[in-house]
Structure formats: C-alpha cells, structure tokens
Amino acid sequence: MNLSFSQSKSKKRISPLEIEDFISLSLRVGVIISSVIVALGLILFLLSAYTGFPGGDFPKSLHQVWTGLLSLNPLAIIAAGLLVLLATPIFRVAASLVTFFLQKDYQYTFIAGYVLFMLLLSLFLGKAE
Amino acid sequence: MGVVIELISLSSIGIIFGVSIVAGTLGALLGLGGGIIIIPALTLLLGVDIRYAIGASVVSVIATSSGAAATYIRDRITNVRIGMFLEMATTTGAILGAYLSGLIHTRYLYFIFALVLGYSTLALFRRRNVELVSDATPHPLAWKFKLWGSYYDSALQQEIKYISSGVPPGFLVMLGAGVLSGLLGIGSGAFKVLAMDMFMKLPMKVSTATSNFMIGVTAAASAGIYFSHGYINPAIAGPVALGVVLGTIIGTRLMVRLRNATLRKIFLPVLLYISLEMLLKGLRG
C-alpha cells in the first residue's frame with residue numbers, strides 16, 4: 001500500500017498508544033478478577049456438592065447473589081464472578097470514554113459516549129431468546 | 001431441574017471445560033463468540049436445557065471478547081478506533097432489532113441473512129488466497145474518523161499499514177449485524193468480520209481481532225436480560241467462562257503466527273456452516 005500516514009506519524013503518535021494500553025488493562029483486570037472468583041466458587045461447588053438452593057435452583061437476581069455470597073454459597077460465588085465478566089465490556093466502554101476525554105480526543109469521546117448510552121438503553125430494552 | 005444435579009459430576013464439568021477451551025481458541029482466531037460450538041455441544045452432547053446453553057453462549061462471547069481483546073489490543077492488532085466507530089452502528093442496530101422484534105417475522109430474516117452470508121461465503125472463497133489487499137482506496141470518512149492503523153505481522157515479519165475503504169457499506173453491514181443480534185439474540189461475529197474484510201478492506205487479522213473486541217459489547221447489551229430470566233446457570237456457565245478464557249490464550253498465540261490467507265481458509269467452512277444453519281432455521285419457520 002502506498003498511503004500517506006503523515007498524520008499518524010505526527011507528535012500525537014504517543015497518545016493513542018496510551019489509550020490502547022489503558023483499554024487493554026481494563027479488560028485484563030476484568031477477566032482476571034472474574035476468573036479467580038469463578039474458579040474459587042467452582043472448587044467450593046465441587047468439594048461441597050451442595051447447591052444451597054432447593055431443587056437445583058440458582059441465583060437469578062443481584063439480591064439473591066448478594067445474600068448467597070454472605071453465606072459463602074458456591075453457586076452465588078460463581079454467579080458473582082460471571083456478573084463481573086458480563087460487566088467488563090460495559091466497563092471497557094466507560095473506561096475508553098474517560099481516556100479519550102483525558103487525551104482531548106473529543107470526536108471519540110462523543111462516539112464512546114454514544115455507544116455507552118445505546119448500550120445502557122438496550123440493557124433495558126433487550127430481549128431474551 | 002434434574003440437569004443441574006447431574007452436572008455436579010466432575011466428568012461433565014470436565015467435558016464442558018474442554019469444549020469451552022476449543023470454543024475460546026476458535027473464537028479468538030476468527031472473531032466469533034464460540035456460540036456455534038458451545039450451544040450444540042451442551043445440548044447434543046450433554047443434554048443441557050437450550051436456555052442454559054444460550055446463557056452459557058452469552059457468557060462465552062463476553063469471555064472470548066474480553067480475554068482475546070486484551071492481548072490483541074496490546075499487540076495493536078485490534079483497532080480500537082475502528083471498533084468504537086463501528087460500535088455506533090451495532091448498538092443502534094441492536095436497539096432497532098429489539099424494537100422490530102414484534103413487527104417482523106423472524107423467518108424472513110433468517111432467509112435474508114442466510115442469503116447475505118451465502119453470498120459472502122462465495123466472495124470469500126474467491127479471495128481465499130489473498131494475503132493483503134493492495135488496491136484499497138481510502139474512503140474520505142476514514143481520514144475524518146482516523147480509521148487507520150498499523151501492526152507488526154509476525155507471520156510476514158513486517159509492519160503492516162492499513163486504512164479503511166468502503167466505510168458506508170461497512171457501517172451499513174454493521175447496522176445489520178446489530179439488528180440481527182437485537183432481534184435474534186445471536187452474536188453475529190461473522191457479519192462483523194465480513195464487513196471489515198470485504199467492504200472496509202482491512203487485513204483479515206485486524207478484522208477478526210476488531211470483531212472480537214466488538215462482540216463483547218453486543219453481548220453485554222443483552223446479558224442483563226439473560227441473567228434475570230434465569231438463562232445463566234452458574235454450574236454450567238462457570239466452567240464455560242474459565243475454559244473459554246484459557247482457550248483465548250491459545251487462540252491469540254496461534255493467530256499472530258498464522259497468515260491472513262490461512263485465517264480466511266479456516267473462516268470459510270465456519271461461514272458456510274452458519275449460512276446453512278440460518279437457511280435451515282428459515283425453512284423450519
């Protein structure tokens with residue numbers, strides 16, 4: 001390809017690298033925290049073979065996960081880890097918004113803001129199946 | 001809920017774990033969520049309730065995306081700006097899809113998407129040996145929105161520079177991918193890869209890695225609903241999450257060593273399978 005990349009080679013070259021490192025870090029932290037929690041819950045689950053929820057049921061709301069966590073229920077611990085995982089992409093978009101803003105890239109601050117807004121909107125409008 | 005009790009056995013958790021490693025590896029390679037492996041494996045192999053399989057697949061998509069993206073972004077194979085730019089289309093499409101769901105027969109949609117994917121499979125087959133596109137003309141919008149980048153290709157042992165062409169059609173296909181996921185609840189990673197590879201003419205590695213980056217956001221939008229509706233069973237989704245994360249470590253290491261043309265050839269049969277599956281779903285109504 002014979003393209004001009006003069007713009008990307010300007011002195012601003014350093015800032016996008018920082019943005020990417022920060023986003024990469026936010027994802028890595030989310031994955032590691034959730035994996036550790038899920039693994040702990042799974043080990044407890046296999047050791048106890050007792051769900052603590054009658055009829056093989058499992059926690060389905062934040063409240064149930066929270067009360068389950070307080071009694072160290074294995075399935076609630078796994079669910080908590082999964083919730084951290086499910087929130088990681090949303091956290092990533094929010095983290096990019098802040099980073100773009102700090103780098104004074106207002107074009108992409110707006111784009112990240114739009115994506116975050118639509119993401120939160122569809123969290124309420126979403127459809128299962 | 002007998003399934004849950006049976007799944008306490010170490011062997012079934014081992015099987016779920018193993019299958020998920022494979023799903024995570026393939027997902028990281030191709031920019032897909034791994035649902036095409038997780039759902040049939042859980043339902044057919046282990047007799048898991050389809051709802052729990054779907055819930056596990058949502059978890060798998062997010063685990064693949066977050067696990068692989070961290071590495072791909074660090075290595076600059078994922079283009080964060082192109083991803084964020086196109087996420088405007090996918091998230092808008094997802095809202096449209098959720099709104100349309102009561103108004104449209106999903107049957108016709110399956111046909112439309114099967115047709116689009118079938119055509120794309122053919123187009124990709126013709127370009128299967130293409131390593132890097134050399135005749136790409138940058139679209140004016142690519143300059144305006146900084147849709148360019150460069151990465152070091154370990155297979156070619158050189159720095160690859162690229163810039164997006166075909167921004168409007170790429171954006172439109174992404175909108176369609178968003179509608180699809182909002183409407184049918186599927187990840188639509190294949191459409192995302194195609195939009196970037198075929199229309200925006202990005203290197204295949206950049207396309208799969210950036211799709212990988214994006215699918216997590218698409219899945220997270222519906223994850224809350226799946227959780228509150230009881231689709232996400234911790235005893236099943238837990239081992240899936242761990243297995244997939246391990247799989248992405250393998251997948252990301254493998255991908256950087258592969259050639260773009262090889263990646264296309266692995267993508268082809270998967271694409272053919274998804275288009276046939278959509279056609280079948282349309283035929284069954």
# chains A, B, ... in the order shown; residues from 1 in each chain; ligands from 1

$ residues_around --residues "range 245-261 of chain B" --least-positions-apart "6" --cutoff "6 Å" --atoms "only C-alpha atoms" --output "JSON, numbers by chain"
{"B": [21, 24, 25, 28, 29, 63, 67, 68, 129, 130, 131, 154, 155, 204]}

$ residues_around --residues "Ile77 in chain A" --least-positions-apart "5" --cutoff "8 Å" --atoms "only C-alpha atoms" --output "compact mmCIF listing (two decimals) with N, CA and C atoms, in the first residue's frame"
# COMPACT_ATOMS: atom_id res chain seq x y z
N ILE A 37 -12.70 -15.44 40.87
CA ILE A 37 -13.93 -15.65 41.66
C ILE A 37 -14.67 -16.91 41.18
N VAL A 38 -14.80 -17.06 39.85
CA VAL A 38 -15.50 -18.24 39.31
C VAL A 38 -14.76 -19.51 39.72
N LEU A 40 -12.78 -20.06 42.30
CA LEU A 40 -12.99 -20.31 43.73
C LEU A 40 -14.36 -20.93 43.98
N GLY A 41 -15.40 -20.35 43.37
CA GLY A 41 -16.76 -20.86 43.53
C GLY A 41 -16.90 -22.28 43.02
N VAL A 65 -27.81 -13.12 44.60
CA VAL A 65 -26.36 -13.33 44.56
C VAL A 65 -25.73 -12.77 45.84
N GLY A 68 -26.55 -14.86 48.86
CA GLY A 68 -25.81 -16.12 48.71
C GLY A 68 -24.34 -15.95 49.04
N LEU A 69 -23.79 -14.80 48.63
CA LEU A 69 -22.38 -14.51 48.90
C LEU A 69 -22.12 -14.44 50.41
N LEU A 72 -21.54 -17.63 51.77
CA LEU A 72 -20.50 -18.34 51.01
C LEU A 72 -21.05 -19.48 50.17

$ atom_distance --atom1 "CA of Leu116 in chain A" --atom2 "CA of Leu96 in chain B"
15.9 Å

$ residues_around --residues "Val93 in chain A" --least-positions-apart "3" --cutoff "9 Å" --atoms "only C-alpha atoms" --output "VMD selection string"
(chain A and resid 23 88 to 90 96 to 98 112 to 113 115 to 116) or (chain B and resid 84 217)

$ residues_around --residues "Leu85 in chain A" --least-positions-apart "5" --cutoff "7 Å" --atoms "only C-alpha atoms" --output "PDB file with C-alpha atoms, in the first residue's frame"
ATOM      1  CA  GLY A  30     -11.999  -7.684  34.499  1.00  0.00           C
ATOM      2  CA  VAL A  31     -11.133 -11.127  33.114  1.00  0.00           C
ATOM      3  CA  SER A  34     -13.897 -12.778  37.336  1.00  0.00           C
TER       4      SER A  34
ATOM      5  CA  ALA B  63     -15.210 -14.220  27.833  1.00  0.00           C
TER       6      ALA B  63
END

$ select_by_dssp --residues "range 15-99 of chain B" --states "alpha helix (DSSP H)" --output "MDAnalysis selection string"
chainID B and resid 15:30 35:40 46 50:74 80:99

$ atom_distance --atom1 "CA of Thr208 in chain B" --atom2 "CA of Gly182 in chain B"
21.0 Å

$ closest_residue --among "B:Leu202, B:Ile73, B:Arg51, B:Thr262" --to "Ser26 in chain A" --atoms "only C-alpha atoms"
B:Ile73

$ residues_around --residues "range 137-151 of chain B" --least-positions-apart "4" --cutoff "7 Å" --atoms "only C-alpha atoms" --output "MDAnalysis selection string"
chainID B and resid 76:77 79 81:82 159:167

$ write_last_selection --atoms "C-alpha atoms" --output "PDB file, in the first residue's frame"
ATOM      1  CA  ARG B  76      -2.145  -3.367  18.197  1.00  0.00           C
ATOM      2  CA  ILE B  77      -3.902  -5.974  16.018  1.00  0.00           C
ATOM      3  CA  ASN B  79      -8.027  -1.245  16.007  1.00  0.00           C
ATOM      4  CA  ARG B  81     -10.968   3.430  16.992  1.00  0.00           C
ATOM      5  CA  ILE B  82     -12.410   1.391  14.123  1.00  0.00           C
ATOM      6  CA  GLU B 159       4.957  -3.763   9.827  1.00  0.00           C
ATOM      7  CA  ILE B 160       1.582  -3.689   8.058  1.00  0.00           C
ATOM      8  CA  LYS B 161      -0.047  -0.308   7.487  1.00  0.00           C
ATOM      9  CA  TYR B 162      -3.687  -0.090   6.509  1.00  0.00           C
ATOM     10  CA  ILE B 163      -6.558   2.371   6.119  1.00  0.00           C
ATOM     11  CA  SER B 164     -10.269   1.708   5.713  1.00  0.00           C
ATOM     12  CA  SER B 165     -12.002   1.910   2.367  1.00  0.00           C
ATOM     13  CA  GLY B 166     -15.773   1.362   1.903  1.00  0.00           C
ATOM     14  CA  VAL B 167     -16.761   2.983   5.194  1.00  0.00           C
TER      15      VAL B 167
END

$ closest_residue --among "A:Phe45, A:Phe22, A:Trp66, A:Phe101" --to "Ile236 in chain B" --atoms "only C-alpha atoms"
A:Phe45

$ atom_distance --atom1 "CA of Val270 in chain B" --atom2 "CA of Asp153 in chain B"
24.0 Å

$ closest_residue --among "B:Phe267, B:Phe191, B:Phe17, B:Tyr72" --to "chain A" --atoms "only C-alpha atoms"
B:Tyr72
